[in-house]
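See below for query-v6.cif, which holds mmCIF, C-alpha atoms.
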data_protein
#
loop_
_atom_site.label_atom_id
_atom_site.label_comp_id
_atom_site.auth_asym_id
_atom_site.auth_seq_id
_atom_site.Cartn_x
_atom_site.Cartn_y
_atom_site.Cartn_z
CA MET A 1 94.13 122.28 170.64
CA LYS A 2 91.64 119.39 170.53
CA LEU A 3 90.57 117.50 167.39
CA ILE A 4 87.18 115.78 167.56
CA ALA A 5 86.28 113.36 164.76
CA GLY A 6 82.75 112.68 163.64
CA ASN A 7 81.83 109.32 162.13
CA CYS A 8 81.42 110.53 158.54
CA ASN A 9 85.07 110.45 157.41
CA ARG A 10 87.23 108.90 160.12
CA PRO A 11 90.23 108.18 157.81
CA LEU A 12 90.53 111.88 156.91
CA SER A 13 90.33 112.88 160.59
CA GLU A 14 93.11 110.42 161.44
CA ALA A 15 95.26 111.71 158.55
CA ILE A 16 94.81 115.32 159.73
CA ALA A 17 95.74 114.31 163.30
CA GLN A 18 98.82 112.51 161.98
CA ASN A 19 99.87 115.62 160.03
CA LEU A 20 99.45 117.74 163.16
CA GLY A 21 101.23 115.22 165.37
CA ILE A 22 98.44 115.15 167.96
CA PRO A 23 95.92 112.39 168.79
CA LEU A 24 92.20 112.69 168.18
CA ALA A 25 90.26 113.50 171.35
CA GLN A 26 88.53 110.53 172.95
CA SER A 27 84.80 110.65 172.24
CA SER A 28 81.78 108.39 171.94
CA ILE A 29 79.25 108.97 169.15
CA ARG A 30 76.52 106.38 169.01
CA HIS A 31 72.86 105.93 168.05
CA PHE A 32 69.88 104.85 170.10
CA ALA A 33 67.52 102.21 168.69
CA ASP A 34 65.43 104.89 166.93
CA MET A 35 68.65 106.36 165.39
CA GLU A 36 68.84 109.37 167.75
CA VAL A 37 72.45 110.56 167.97
CA PHE A 38 74.21 110.65 171.33
CA VAL A 39 77.61 112.30 171.80
CA GLU A 40 79.96 112.18 174.78
CA ILE A 41 83.41 113.78 174.89
CA LEU A 42 85.57 111.58 177.11
CA GLU A 43 88.22 114.14 178.08
CA ASN A 44 88.35 117.68 179.41
CA VAL A 45 87.86 120.43 176.78
CA ARG A 46 87.27 123.40 179.10
CA GLY A 47 89.07 126.44 177.70
CA GLU A 48 90.40 124.47 174.71
CA ASP A 49 90.57 125.49 171.04
CA THR A 50 88.45 122.71 169.50
CA PHE A 51 88.12 121.56 165.88
CA ILE A 52 85.34 119.19 164.78
CA ILE A 53 86.16 117.29 161.58
CA GLN A 54 82.92 116.23 159.94
CA PRO A 55 81.91 116.50 156.26
CA THR A 56 78.13 116.47 155.81
CA SER A 57 78.14 113.85 153.06
CA PHE A 58 76.14 110.60 152.80
CA PRO A 59 74.16 109.95 154.92
CA ALA A 60 73.81 113.74 154.78
CA ASN A 61 71.14 114.22 157.44
CA ASP A 62 72.82 111.91 159.97
CA SER A 63 76.18 113.59 159.35
CA LEU A 64 74.67 117.05 159.83
CA MET A 65 72.91 116.07 163.07
CA GLU A 66 76.15 114.56 164.39
CA LEU A 67 77.97 117.82 163.65
CA LEU A 68 75.30 119.95 165.35
CA ILE A 69 75.20 117.74 168.45
CA ILE A 70 79.02 117.68 168.76
CA ILE A 71 79.03 121.50 168.56
CA ASP A 72 76.39 121.69 171.29
CA THR A 73 78.31 119.18 173.43
CA LEU A 74 81.50 121.26 173.23
CA ARG A 75 79.63 124.50 173.93
CA ARG A 76 78.11 123.01 177.08
CA ALA A 77 81.54 121.63 178.07
CA SER A 78 82.94 125.21 178.04
CA ALA A 79 85.28 124.89 175.05
CA ARG A 80 86.95 128.26 174.42
CA ARG A 81 86.44 128.18 170.65
CA ILE A 82 84.62 125.72 168.40
CA THR A 83 85.62 125.48 164.72
CA ALA A 84 83.51 123.24 162.46
CA VAL A 85 85.87 121.73 159.88
CA ILE A 86 83.50 120.70 157.07
CA PRO A 87 85.59 119.41 154.12
CA TYR A 88 82.39 118.83 152.11
CA PHE A 89 79.50 121.19 152.86
CA GLY A 90 76.30 119.29 152.08
CA TYR A 91 73.21 121.14 150.84
CA ALA A 92 75.52 123.65 149.12
CA ARG A 93 73.74 123.06 145.82
CA GLN A 94 70.55 124.49 147.36
CA ASP A 95 72.02 127.99 147.56
CA ARG A 96 69.15 129.85 145.84
CA LYS A 97 65.48 129.50 144.96
CA THR A 98 65.25 127.47 141.77
CA GLY A 99 61.50 127.99 141.46
CA PRO A 100 58.46 129.18 143.38
CA ARG A 101 57.93 127.64 146.85
CA THR A 102 61.41 126.08 147.06
CA PRO A 103 63.84 126.40 149.98
CA ILE A 104 67.31 127.89 150.29
CA THR A 105 68.58 125.01 152.39
CA ALA A 106 72.23 126.12 152.42
CA LYS A 107 71.12 129.19 154.39
CA LEU A 108 69.09 127.01 156.78
CA VAL A 109 72.11 124.75 157.42
CA SER A 110 74.38 127.75 158.03
CA ASN A 111 71.86 129.06 160.60
CA LEU A 112 71.75 125.67 162.34
CA ILE A 113 75.56 125.49 162.60
CA THR A 114 75.78 129.06 163.92
CA ASN A 115 72.94 128.64 166.43
CA ALA A 116 74.35 125.33 167.67
CA GLY A 117 77.35 127.32 168.93
CA ALA A 118 80.14 127.16 166.33
CA HIS A 119 82.48 130.16 166.39
CA ARG A 120 83.88 129.67 162.89
CA VAL A 121 83.76 127.30 159.91
CA LEU A 122 86.60 125.83 157.84
CA THR A 123 85.52 124.31 154.55
CA LEU A 124 86.85 123.42 151.10
CA ASP A 125 85.77 124.52 147.61
CA LEU A 126 82.24 125.65 148.42
CA HIS A 127 79.88 124.95 145.52
CA ALA A 128 78.83 128.61 145.58
CA GLY A 129 81.08 131.29 147.07
CA GLN A 130 78.14 133.35 148.32
CA ILE A 131 77.40 130.67 150.94
CA GLN A 132 80.14 132.32 153.03
CA GLY A 133 77.75 135.25 153.38
CA PHE A 134 74.99 133.00 154.73
CA PHE A 135 76.97 132.65 157.97
CA ASP A 136 77.15 135.31 160.68
CA ILE A 137 80.46 133.82 161.86
CA PRO A 138 83.86 133.75 160.08
CA VAL A 139 84.18 131.21 157.25
CA ASP A 140 87.51 130.10 155.78
CA ASN A 141 86.86 128.60 152.34
CA LEU A 142 90.01 126.76 151.26
CA TYR A 143 90.84 126.15 147.60
CA VAL A 144 92.08 122.80 146.38
CA ALA A 145 93.68 124.36 143.28
CA PRO A 146 97.27 124.38 144.68
CA VAL A 147 96.98 120.65 145.47
CA PHE A 148 95.69 119.95 141.94
CA VAL A 149 98.41 122.11 140.34
CA ARG A 150 101.12 120.20 142.21
CA HIS A 151 99.64 116.83 141.18
CA ILE A 152 99.20 117.87 137.53
CA ARG A 153 102.81 119.09 137.31
CA ASP A 154 104.13 115.93 138.97
CA THR A 155 102.09 113.79 136.57
CA LEU A 156 102.61 115.60 133.25
CA SER A 157 105.98 117.35 133.54
CA VAL A 158 108.86 115.98 131.48
CA HIS A 159 112.29 117.00 132.83
CA GLY A 160 110.56 119.63 134.94
CA LYS A 161 108.72 121.20 132.01
CA MET A 162 104.97 121.07 131.38
CA PRO A 163 103.81 120.05 127.88
CA GLU A 164 102.47 122.93 125.79
CA ASN A 165 99.33 121.12 124.63
CA VAL A 166 97.47 121.07 127.98
CA THR A 167 93.94 122.51 128.08
CA ILE A 168 91.87 122.97 131.24
CA VAL A 169 88.19 122.31 130.50
CA SER A 170 85.12 123.43 132.42
CA PRO A 171 82.38 120.79 131.95
CA ASP A 172 79.70 123.51 132.15
CA VAL A 173 79.41 127.27 132.01
CA GLY A 174 78.95 127.52 135.80
CA GLY A 175 82.47 126.26 136.50
CA VAL A 176 84.34 128.68 134.23
CA VAL A 177 85.80 130.79 137.05
CA ARG A 178 87.27 127.70 138.75
CA ALA A 179 88.71 126.34 135.48
CA ARG A 180 90.14 129.72 134.46
CA ALA A 181 91.94 130.10 137.80
CA LEU A 182 93.56 126.67 137.42
CA ALA A 183 94.51 127.33 133.78
CA LYS A 184 96.18 130.58 134.83
CA LYS A 185 98.28 128.82 137.50
CA LEU A 186 99.40 126.20 134.97
CA ASP A 187 99.79 128.67 132.09
CA ALA A 188 97.48 126.39 130.11
CA ASP A 189 94.71 127.07 127.59
CA LEU A 190 91.03 127.10 128.59
CA ALA A 191 88.03 125.44 126.99
CA ILE A 192 84.37 125.42 128.01
CA ILE A 193 81.64 122.89 127.28
CA ASP A 194 78.24 124.43 126.70
CA LYS A 195 75.48 121.86 127.10
CA ARG A 196 71.92 122.51 126.07
CA ARG A 197 68.70 120.63 125.45
CA ASP A 198 66.77 122.14 122.56
CA ARG A 199 63.50 120.36 123.38
CA ALA A 200 62.27 118.37 126.37
CA GLY A 201 63.03 114.68 126.00
CA GLU A 202 65.90 115.23 123.56
CA SER A 203 69.50 114.45 124.46
CA GLU A 204 71.88 117.26 125.38
CA VAL A 205 73.94 118.87 122.64
CA MET A 206 77.56 119.53 123.63
CA ASN A 207 79.20 122.60 122.11
CA ILE A 208 82.90 123.02 122.83
CA ILE A 209 84.20 126.57 123.09
CA GLY A 210 87.97 126.54 122.59
CA GLU A 211 90.58 124.40 120.84
CA VAL A 212 90.84 120.77 122.04
CA GLU A 213 92.02 118.83 118.98
CA GLY A 214 95.28 116.98 119.70
CA ARG A 215 95.39 118.34 123.24
CA ILE A 216 95.65 116.83 126.74
CA CYS A 217 92.31 117.87 128.24
CA LEU A 218 91.82 118.12 132.01
CA LEU A 219 88.22 118.53 133.15
CA VAL A 220 87.92 120.46 136.42
CA ASP A 221 84.87 120.68 138.70
CA ASP A 222 83.96 120.85 142.39
CA ILE A 223 81.44 117.99 142.63
CA VAL A 224 80.94 114.71 140.78
CA ASP A 225 77.57 113.19 141.68
CA SER A 226 75.97 110.97 139.04
CA ALA A 227 79.00 111.61 136.75
CA GLY A 228 76.68 111.98 133.74
CA THR A 229 77.82 115.50 132.80
CA LEU A 230 81.48 114.60 133.33
CA CYS A 231 81.38 111.43 131.21
CA ASN A 232 79.38 113.12 128.45
CA ALA A 233 81.94 115.95 128.44
CA ALA A 234 84.81 113.46 128.12
CA GLU A 235 83.02 111.76 125.24
CA ALA A 236 82.46 115.10 123.49
CA LEU A 237 86.16 116.01 123.90
CA MET A 238 87.34 112.72 122.41
CA LYS A 239 84.93 113.09 119.48
CA ALA A 240 86.36 116.57 118.90
CA GLY A 241 89.84 115.06 118.53
CA ALA A 242 91.32 115.49 122.00
CA LYS A 243 94.49 113.47 122.63
CA SER A 244 93.21 112.41 126.07
CA ALA A 245 90.63 113.39 128.69
CA SER A 246 91.14 113.22 132.45
CA ALA A 247 89.35 114.91 135.35
CA TYR A 248 90.19 116.64 138.63
CA ILE A 249 87.24 116.87 141.04
CA THR A 250 87.19 118.13 144.63
CA HIS A 251 84.22 116.26 146.10
CA GLY A 252 83.38 112.71 145.02
CA VAL A 253 79.71 112.15 145.87
CA PHE A 254 79.38 109.23 143.37
CA SER A 255 75.68 108.46 143.74
CA GLY A 256 73.84 105.65 141.99
CA GLY A 257 75.86 104.05 139.18
CA ALA A 258 78.41 106.87 138.99
CA VAL A 259 81.49 104.68 139.52
CA GLU A 260 80.46 102.22 136.79
CA ARG A 261 79.76 105.18 134.49
CA VAL A 262 83.25 106.57 135.09
CA ASP A 263 84.93 103.18 134.57
CA SER A 264 83.20 102.69 131.20
CA SER A 265 83.78 106.29 130.01
CA PRO A 266 86.62 107.63 127.80
CA LEU A 267 88.20 109.25 130.88
CA GLU A 268 91.80 108.12 131.40
CA SER A 269 91.61 108.95 135.11
CA LEU A 270 89.54 110.85 137.63
CA VAL A 271 91.52 112.37 140.50
CA VAL A 272 89.32 113.13 143.52
CA THR A 273 90.17 114.36 147.01
CA ASP A 274 89.30 112.50 150.21
CA SER A 275 86.91 115.23 151.43
CA ILE A 276 84.27 112.48 151.25
CA ALA A 277 85.16 108.99 152.48
CA ALA A 278 85.64 106.56 149.58
CA THR A 279 83.11 103.74 149.25
CA GLN A 280 84.28 100.24 148.39
CA ALA A 281 83.19 100.79 144.77
CA VAL A 282 85.32 103.96 144.55
CA ALA A 283 88.30 102.19 146.15
CA ASN A 284 88.01 99.31 143.63
CA SER A 285 87.75 101.58 140.58
CA LYS A 286 90.67 101.42 138.15
CA LYS A 287 90.17 105.02 137.00
CA ILE A 288 89.37 106.91 140.21
CA LYS A 289 92.56 108.07 141.96
CA PRO A 290 92.50 109.48 145.53
CA LEU A 291 94.35 112.67 146.49
CA SER A 292 94.65 113.61 150.16
CA ILE A 293 93.73 117.09 151.40
CA ALA A 294 94.79 116.25 154.98
CA PRO A 295 98.04 118.33 154.78
CA LEU A 296 96.12 121.37 153.49
CA LEU A 297 93.44 121.13 156.21
CA ALA A 298 96.07 120.48 158.91
CA GLU A 299 98.01 123.60 157.90
CA ALA A 300 94.83 125.69 157.92
CA ILE A 301 93.89 124.36 161.39
CA VAL A 302 97.33 125.30 162.76
CA ARG A 303 97.06 128.80 161.29
CA ILE A 304 93.58 129.35 162.74
CA SER A 305 94.73 128.12 166.15
CA GLN A 306 97.78 130.42 166.07
CA GLU A 307 95.76 133.38 164.72
CA ARG A 308 97.84 133.47 161.52
CA SER A 309 96.73 134.21 157.97
CA VAL A 310 94.90 131.43 156.11
CA SER A 311 94.56 133.33 152.84
CA SER A 312 98.36 133.49 152.45
CA LEU A 313 98.23 129.72 151.77
CA PHE A 314 96.95 130.67 148.31
CA GLY A 315 98.97 133.84 147.72
#
So that I can check it, write out the structure of this file as structure tokens.
Amino acid sequence: MKLIAGNCNRPLSEAIAQNLGIPLAQSSIRHFADMEVFVEILENVRGEDTFIIQPTSFPANDSLMELLIIIDTLRRASARRITAVIPYFGYARQDRKTGPRTPITAKLVSNLITNAGAHRVLTLDLHAGQIQGFFDIPVDNLYVAPVFVRHIRDTLSVHGKMPENVTIVSPDVGGVVRARALAKKLDADLAIIDKRRDRAGESEVMNIIGEVEGRICLLVDDIVDSAGTLCNAAEALMKAGAKSASAYITHGVFSGGAVERVDSSPLESLVVTDSIAATQAVANSKKIKPLSIAPLLAEAIVRISQERSVSSLFG
């Protein structure tokens, strides 16, 4: 087995390698003066089972080109199998036409990865499950729910028992399936926030479906970008009488002033995985707490390499 790290999230690659007890393969990934990407693998990979660890997060286009060129490099170096480990799959939010003359870029990206020479993809909490069907190669979509469940129990349990007033909250209607699955694992109640704008230019009205008064509310979502929806949801929960509001998010994009927005919001804490490398602002935040997915990805990599079941991780 060979692990090849892209430049997008080197700390996660090193953590995965440490969990597996093997070093990262020696490679050189650099840019020419015009920002062309050049990749060189500095050790033999002929006949090897290779895993490229590269989320396609900011800078998204550079990260994607790096991934494609590493795949092509390994294919031309006669690697036996190439698995693209993409903890955060960029362009996943463009999974359908949102209007006339708009692209389905998630499909385009899946075609690029397949045509570059990848044999399979390992990813985490895809924004839309149907993206698995965009690929003509096997896709293992891992779920972060077991990691969140373990953290929630460790944080909230008193003498090994979870409090009875915990409610899992979906910040929008689109995330109900994810929130319901987590609530079921924790035997917790479920609430949904329905946001709507009655007229253009007017602020969103938050309607809360479910009981939140006096309850410990945990907002659950796959992506936090500008953090506007999340912070507005926390504010609505507190106004409705919630005891506290915290959040569990898989992918921390944190664009623009998102970190400042989170720090000044009613959120007690925001737990986010390291699928995307933390910026300095994220690292300095008093409310944003990191949670490593390296053990989960390492276990999945071992199972793929040994041709064992990945789905049984979530059984």
Could you list, with a cut-off of 12 Å and counting all atoms listed in the file, the residues of range 74-118 of chain A near range 267-279 of chain A, each shown with its nearest atom pair and the distance in Å rounded to one decimal, rows sorted by chain and ascending number, as a Markdown table?
| residue | atom | partner | partner_atom | distance |
| --- | --- | --- | --- | --- |
| A:Val85 | CA | A:Ser275 | CA | 10.7 |
| A:Ile86 | CA | A:Ser275 | CA | 8.6 |
| A:Pro87 | CA | A:Ser275 | CA | 5.1 |
| A:Tyr88 | CA | A:Ser275 | CA | 5.8 |
| A:Phe89 | CA | A:Ser275 | CA | 9.6 |
| A:Gly90 | CA | A:Ile276 | CA | 10.5 |
(message) On this structure, the PyMOL selection byres ((chain A and resi 12) around 12) would catch which residues? List them as a PyMOL selection string, sorted by chain and number.
(response) chain A and resi 3-11+13-19+24+52-55+85-88+273-278+290-298
Could you name the residues that touch range 32-46 of chain A at 10 Å or less, counting all atoms listed in the file, but leaving out those on the same chain fewer than 4 positions away, as a compact mmCIF listing (two decimals) with C-alpha atoms, in the coordinates of the input?
# COMPACT_ATOMS: atom_id res chain seq x y z
CA MET A 1 94.13 122.28 170.64
CA LYS A 2 91.64 119.39 170.53
CA ILE A 4 87.18 115.78 167.56
CA GLY A 6 82.75 112.68 163.64
CA ALA A 25 90.26 113.50 171.35
CA GLN A 26 88.53 110.53 172.95
CA SER A 27 84.80 110.65 172.24
CA SER A 28 81.78 108.39 171.94
CA THR A 50 88.45 122.71 169.50
CA ASP A 62 72.82 111.91 159.97
CA SER A 63 76.18 113.59 159.35
CA MET A 65 72.91 116.07 163.07
CA GLU A 66 76.15 114.56 164.39
CA LEU A 67 77.97 117.82 163.65
CA ILE A 69 75.20 117.74 168.45
CA ILE A 70 79.02 117.68 168.76
CA ILE A 71 79.03 121.50 168.56
CA ASP A 72 76.39 121.69 171.29
CA THR A 73 78.31 119.18 173.43
CA LEU A 74 81.50 121.26 173.23
CA ARG A 75 79.63 124.50 173.93
CA ARG A 76 78.11 123.01 177.08
CA ALA A 77 81.54 121.63 178.07
CA SER A 78 82.94 125.21 178.04
CA ALA A 79 85.28 124.89 175.05
CA ARG A 80 86.95 128.26 174.42
CA ARG A 81 86.44 128.18 170.65
(request) Could you list the residues chosen by the PyMOL selection byres ((chain A and resi 173) around 7) in this structure as a VMD selection string? (result) chain A and resid 170 172 174 to 176 192 to 194
Once you have the residues from the selection above, write them out as a PDB file, in the frame of the given file, restricted to C-alpha atoms.
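The resulting file, selection15.pdb, is shown below:
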ATOM      1  CA  SER A 170      85.120 123.430 132.420  1.00  0.00           C
ATOM      2  CA  ASP A 172      79.700 123.510 132.150  1.00  0.00           C
ATOM      3  CA  GLY A 174      78.950 127.520 135.800  1.00  0.00           C
ATOM      4  CA  GLY A 175      82.470 126.260 136.500  1.00  0.00           C
ATOM      5  CA  VAL A 176      84.340 128.680 134.230  1.00  0.00           C
ATOM      6  CA  ILE A 192      84.370 125.420 128.010  1.00  0.00           C
ATOM      7  CA  ILE A 193      81.640 122.890 127.280  1.00  0.00           C
ATOM      8  CA  ASP A 194      78.240 124.430 126.700  1.00  0.00           C
TER       9      ASP A 194
END
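Taking only C-alpha atoms into account, Ala234 in chain A lies nearest to A:Val169 out of the set A:Leu313, A:Lys287, A:Ala281, A:Val169.
Distance annotation: of A:Lys289, A:Arg215, A:His31, A:Arg308, the residue with the minimal separation from Ala245 in chain A is A:Arg215; atom set is only C-alpha atoms.
Each of A:Val158, A:Gln94, A:His119, A:Pro100 was compared to Ile131 in chain A using all atoms listed in the file, and A:Gln94 turns out to be the nearest.
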(message) Using the chain letters and numbers from this file, what does the PyMOL selection byres ((chain A and resi 141) around 9) select? Give the answer as an NGL selection string.
(response) :A and (121-126 or 129 or 132 or 139-140 or 142-143)
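In this model, the gap between CA of Asp222 in chain A and CA of Pro59 in chain A comes to 19.3 Å.
When all atoms listed in the file are used to compute distances to Asp221 in chain A, the closest of the residues A:Asn207, A:Ser264, A:Ser285, A:Ser246 turns out to be A:Ser246.
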(request) Can you work out the spacing between CA of Ala258 in chain A and CA of Ala227 in chain A in Å, to one decimal? (result) 5.3 Å
(request) Do a neighbour search on Gln280 in chain A at 12 Å with all atoms listed in the file, toss out local chain neighbours closer than 4 positions, and write the hits as a ChimeraX atom specification. (result) /A:254,259,284-285,288
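CA of Leu190 in chain A to CA of Glu211 in chain A spans 8.2 Å [interatomic distance, one decimal].
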What would the list of residues within 7 Å of (88.1, 120.6, 130.3) (file frame) look like as a short mmCIF file (atom, residue, chain, number, x, y, z; two decimals) with C-alpha atoms, keeping the file's coordinate frame, if all atoms listed in the file are what count?
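Result saved to out.cif:
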data_model
loop_
_atom_site.label_atom_id
_atom_site.label_comp_id
_atom_site.auth_asym_id
_atom_site.auth_seq_id
_atom_site.Cartn_x
_atom_site.Cartn_y
_atom_site.Cartn_z
CA THR A 167 93.94 122.51 128.08
CA ILE A 168 91.87 122.97 131.24
CA VAL A 169 88.19 122.31 130.50
CA SER A 170 85.12 123.43 132.42
CA PRO A 171 82.38 120.79 131.95
CA ALA A 191 88.03 125.44 126.99
CA ILE A 192 84.37 125.42 128.01
CA CYS A 217 92.31 117.87 128.24
CA LEU A 218 91.82 118.12 132.01
CA LEU A 219 88.22 118.53 133.15
CA VAL A 220 87.92 120.46 136.42
#
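Using all atoms listed in the file, the smallest distance between any of A:Ile22, A:Ala240, A:Lys185, A:Thr102 and Ile209 in chain A comes from A:Ala240.
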(request) Please identify all polymer residues within 9 Å of Asp187 in chain A, counting all atoms listed in the file, omitting same-chain residues fewer than 5 positions from it, and present them as a ChimeraX atom specification. (result) /A:164,166,182
(request) Do a neighbour search on Gly241 in chain A at 7 Å with all atoms listed in the file, toss out local chain neighbours closer than 6 positions, and write the hits as a ChimeraX atom specification. (result) /A:212-214
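Each of A:Thr105, A:Ser255, A:Thr98, A:Asn115 was checked against Leu68 in chain A using only C-alpha atoms; the smallest atom-to-atom distance is that of A:Asn115.
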